[in-house]
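Colleague: Handing you a structure now.
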Amino acid sequence: MRTTFSIATALILAAGTGLAQDSNSLSIEGEPMVTEVAAPAHMENVDTIYSGWRFRSQETQALETDDFENPAMVFVDKGIDLFDKVEGSEGKACSSCHEDVADFAGLRTTLPRVEDGELVTMENLVNECRTERMGAEPWKWSGGQMTAVTALIGLQSRGMPVNVAIDGEAAPFWEKGKELYYTKVGQLQMACSNCHEDNYGVMIRADHLSQGQINGFPTYRLKNAKLNSAHGRFKGCMKNIRATPYKEGGEEFLALELYLASRGQGLSVETPSVRN
Ligand code: HEC
Ligand code: HEC
């Protein structure tokens, strides 16, 4: 069991600088978020789970506390415009049927989920409405339109605890995701677990390794100044270990998304979060 953690060190340093910002507790627009909670029972090697926010620098952390400072909000505004935009052969906008986007509150906490025997996530649900109900072209999985709208919908669940189902019909998908998480891949022969479970809290190059949680997706990254999908992030990590990434929206990444979500059970949804 792993108990030591460099956040303790970070805290001591933060206390020494006398800054008002407490790097341990996150409130967004005054609403407290859960960034640390006991690990779910299925996690054998970790006692406590932490949001990726806890591993960022104070400057990056501060950007997420206030929606005027959060650079992702420009994209959420774009999502609002897209939600009202008429497209496709049926002459409809999302808002023609979904009158109030706030009705999506809670949805983010439960995805991915099984529907008709298939594992689906937010991007699938959005594209299903576009192709089946609007007669419009699907959006690209990690494209700007998709991430703007998934950020807008995810925001409606901000502050609510991640709560995905992993039993029943979901169990085989979850097992598959777990297997992928622990499988060594690529030229460097590393598994997700080697970094995000065995070494979180450690500095890797100039980056502070987190537990690789997905409670804040889509995430605005300072590195590329846009919203990033969870699958886009998985792809980047696989490239970094010189592995051939799986396909965004493919069955491997969907299973991995379910498994990662289940490793974050109880953390607050932070969508859209800010990371470096
Ligand atoms: C012609 C009506 C219609 C249009 C237009 C439409 N949807 Fe839907 N949408 C539905 C119906 C019906 C459902 C399934 C029943 C439900 O959950 O509300 C649904 C389900 C969803 C869900 C899953 C909700 C849940 O709780 O499971 C999401 C997310 C969604 N739509 C997003 C969108 C987005 C984004 C757009 C625009 C790109 C859009 N929809 C356009 C009718 C529509
Ligand atoms: C060589 C180490 C390494 C491996 C292996 C690795 N990652 Fe990462 N990952 C990183 C680093 C570094 C970051 C950026 C800092 C952080 O948040 O940990 C990151 C970030 C992430 C994030 C974003 C976390 C957040 O809070 O936004 C996710 C999600 C993620 N990784 C998932 C994965 C998955 C899934 C795998 C396996 C396919 C994987 N990673 C393998 C190094 C790694």
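FYI, nothing fancy with the structure tokens labels: chains A, B, ... in order, residues from 1 per chain, ligands from 1 as they appear.
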Please provide the set of residues having any atom within 7 Å of segment 249-257 of chain A, restricted to only C-alpha atoms, with same-chain residues fewer than 4 positions apart removed, written as a compact mmCIF listing (two decimals) with C-alpha atoms, in the first residue's frame.

Modeller:
# COMPACT_ATOMS: atom_id res chain seq x y z
CA LEU A 119 -20.40 0.68 -24.14
CA TRP A 141 -14.31 12.70 -31.71
CA PHE A 173 -16.07 -3.81 -20.44
CA TRP A 174 -14.64 -2.82 -17.09
CA LYS A 176 -11.18 -5.22 -20.39
CA GLY A 177 -10.34 -1.64 -19.39
CA LYS A 178 -8.56 -2.87 -16.30
CA LEU A 180 -5.48 -2.54 -20.74
CA TYR A 181 -4.52 -0.29 -17.83
CA HIS A 231 -9.33 9.73 -25.54
CA ALA A 261 -13.77 6.68 -14.43

Colleague: Residues of chain A within 6 Å of ligand 1: nearest atom pair and distance (Å, one decimal) for each, counting only C-alpha atoms and all ligand atoms, sorted by chain and number, as JSON lines?

Modeller:
{"residue": "A:Phe83", "atom": "CA", "partner": "ligand 1", "partner_atom_place_in_ligand_line": "37 (C)", "distance": 5.7}
{"residue": "A:Lys92", "atom": "CA", "partner": "ligand 1", "partner_atom_place_in_ligand_line": "5 (C)", "distance": 5.1}
{"residue": "A:Ala93", "atom": "CA", "partner": "ligand 1", "partner_atom_place_in_ligand_line": "5 (C)", "distance": 5.0}
{"residue": "A:Cys94", "atom": "CA", "partner": "ligand 1", "partner_atom_place_in_ligand_line": "37 (C)", "distance": 3.4}
{"residue": "A:Ser96", "atom": "CA", "partner": "ligand 1", "partner_atom_place_in_ligand_line": "5 (C)", "distance": 5.6}
{"residue": "A:Cys97", "atom": "CA", "partner": "ligand 1", "partner_atom_place_in_ligand_line": "2 (C)", "distance": 4.3}
{"residue": "A:Leu107", "atom": "CA", "partner": "ligand 1", "partner_atom_place_in_ligand_line": "26 (O)", "distance": 5.5}
{"residue": "A:Met122", "atom": "CA", "partner": "ligand 1", "partner_atom_place_in_ligand_line": "29 (C)", "distance": 5.9}
{"residue": "A:Leu125", "atom": "CA", "partner": "ligand 1", "partner_atom_place_in_ligand_line": "28 (C)", "distance": 5.1}
{"residue": "A:Val126", "atom": "CA", "partner": "ligand 1", "partner_atom_place_in_ligand_line": "32 (C)", "distance": 4.5}
{"residue": "A:Cys129", "atom": "CA", "partner": "ligand 1", "partner_atom_place_in_ligand_line": "41 (C)", "distance": 4.7}
{"residue": "A:Arg130", "atom": "CA", "partner": "ligand 1", "partner_atom_place_in_ligand_line": "38 (C)", "distance": 5.2}
{"residue": "A:Arg133", "atom": "CA", "partner": "ligand 1", "partner_atom_place_in_ligand_line": "1 (C)", "distance": 4.7}
{"residue": "A:Met134", "atom": "CA", "partner": "ligand 1", "partner_atom_place_in_ligand_line": "5 (C)", "distance": 5.1}

Colleague: Tell me, counting only C-alpha atoms and all ligand atoms, for each residue of chain A within 8 Å of ligand 2, which pair of atoms is nearest and how far apart they are in Å to one decimal, in rows ordered by chain and increasing number, as a tab-separated table.

Modeller:
residue	atom	partner	partner_atom_place_in_ligand_line	distance
A:Ser51	CA	ligand 2	26 (O)	6.3
A:Gly52	CA	ligand 2	26 (O)	3.5
A:Trp53	CA	ligand 2	26 (O)	6.2
A:Phe55	CA	ligand 2	17 (O)	7.0
A:Arg56	CA	ligand 2	17 (O)	7.8
A:Leu180	CA	ligand 2	38 (C)	7.4
A:Tyr181	CA	ligand 2	37 (C)	5.8
A:Met190	CA	ligand 2	5 (C)	5.2
A:Ala191	CA	ligand 2	5 (C)	5.1
A:Cys192	CA	ligand 2	37 (C)	3.4
A:Ser193	CA	ligand 2	5 (C)	6.8
A:Asn194	CA	ligand 2	5 (C)	5.8
A:Cys195	CA	ligand 2	2 (C)	4.4
A:His196	CA	ligand 2	7 (N)	6.3
A:Tyr200	CA	ligand 2	18 (O)	7.0
A:Ile204	CA	ligand 2	12 (C)	5.9
A:Arg205	CA	ligand 2	12 (C)	7.8
A:Asp207	CA	ligand 2	12 (C)	5.5
A:His208	CA	ligand 2	15 (C)	5.4
A:Leu209	CA	ligand 2	18 (O)	3.5
A:Ser210	CA	ligand 2	18 (O)	3.5
A:Gln211	CA	ligand 2	18 (O)	6.0
A:Gly212	CA	ligand 2	28 (C)	3.8
A:Gln213	CA	ligand 2	24 (C)	5.0
A:Ile214	CA	ligand 2	29 (C)	5.0
A:Asn215	CA	ligand 2	26 (O)	7.5
A:Gly216	CA	ligand 2	27 (O)	6.4
A:Phe217	CA	ligand 2	27 (O)	7.0
A:Thr219	CA	ligand 2	27 (O)	6.4
A:Ala230	CA	ligand 2	29 (C)	6.0
A:Arg233	CA	ligand 2	28 (C)	5.8
A:Phe234	CA	ligand 2	35 (C)	4.6
A:Lys235	CA	ligand 2	38 (C)	7.2
A:Gly236	CA	ligand 2	8 (Fe)	7.7
A:Cys237	CA	ligand 2	7 (N)	4.6
A:Met238	CA	ligand 2	38 (C)	5.2
A:Asn240	CA	ligand 2	1 (C)	6.6
A:Ile241	CA	ligand 2	1 (C)	5.9
A:Leu256	CA	ligand 2	35 (C)	6.5
A:Glu257	CA	ligand 2	35 (C)	7.6
A:Leu260	CA	ligand 2	35 (C)	7.2
A:Ser273	CA	ligand 2	27 (O)	7.5
A:Val274	CA	ligand 2	27 (O)	7.7
A:Arg275	CA	ligand 2	27 (O)	6.0
A:Asn276	CA	ligand 2	14 (C)	7.4

Colleague: Name the residues in contact with Gln145 of chain A at a cut-off of 12 Å, using only C-alpha atoms, excluding same-chain residues fewer than 2 positions from it; report them as a short mmCIF file (atom, residue, chain, number, x, y, z; two decimals) with C-alpha atoms, in the first residue's frame.

Modeller:
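Saved to result.cif:
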data_model
loop_
_atom_site.label_atom_id
_atom_site.label_comp_id
_atom_site.auth_asym_id
_atom_site.auth_seq_id
_atom_site.Cartn_x
_atom_site.Cartn_y
_atom_site.Cartn_z
CA PHE A 75 -15.05 27.13 -25.58
CA VAL A 76 -18.09 26.47 -23.41
CA ASP A 77 -19.57 29.70 -24.86
CA LYS A 78 -18.90 28.30 -28.30
CA GLY A 79 -20.71 25.14 -27.15
CA ILE A 80 -23.77 27.24 -26.25
CA ASP A 81 -23.84 28.69 -29.78
CA LEU A 82 -23.46 25.22 -31.31
CA PHE A 83 -26.25 23.90 -29.10
CA LYS A 85 -27.39 26.04 -34.21
CA GLU A 123 -19.35 11.68 -27.66
CA VAL A 126 -24.02 13.51 -29.06
CA ASN A 127 -23.21 12.00 -32.44
CA GLU A 137 -22.82 14.78 -40.05
CA PRO A 138 -21.18 13.34 -36.94
CA TRP A 139 -18.59 15.52 -35.27
CA LYS A 140 -14.98 14.39 -35.06
CA TRP A 141 -14.31 12.70 -31.71
CA SER A 142 -11.79 15.26 -30.43
CA GLY A 143 -12.69 18.12 -32.76
CA THR A 147 -15.28 19.16 -27.18
CA ALA A 148 -17.13 22.49 -26.89
CA VAL A 149 -20.47 20.70 -26.57
CA THR A 150 -19.21 17.88 -24.32
CA ALA A 151 -17.69 20.57 -22.06
CA LEU A 152 -21.02 22.43 -21.95
CA PRO A 218 -12.73 17.63 -21.53
CA LYS A 226 -7.69 24.09 -26.40
CA LEU A 227 -10.08 21.53 -24.95
CA ASN A 228 -8.80 17.96 -25.00
CA SER A 229 -10.94 14.84 -24.93
#

Colleague: From a backbone DSSP assignment, name each residue in segment 29-158 of chain A labelled strand (DSSP E), as a PyMOL selection string.

Modeller: chain A and resi 31-32+36-38+48-50+113-115+118-120

Colleague: Can you work out which one of A:Leu63, A:Val46, A:Met203, A:Ala136 has the shortest atom-to-atom distance to Ser27 of chain A, counting only C-alpha atoms?

Modeller: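 Of all the options, A:Leu63 lies closest to Ser27 of chain A.
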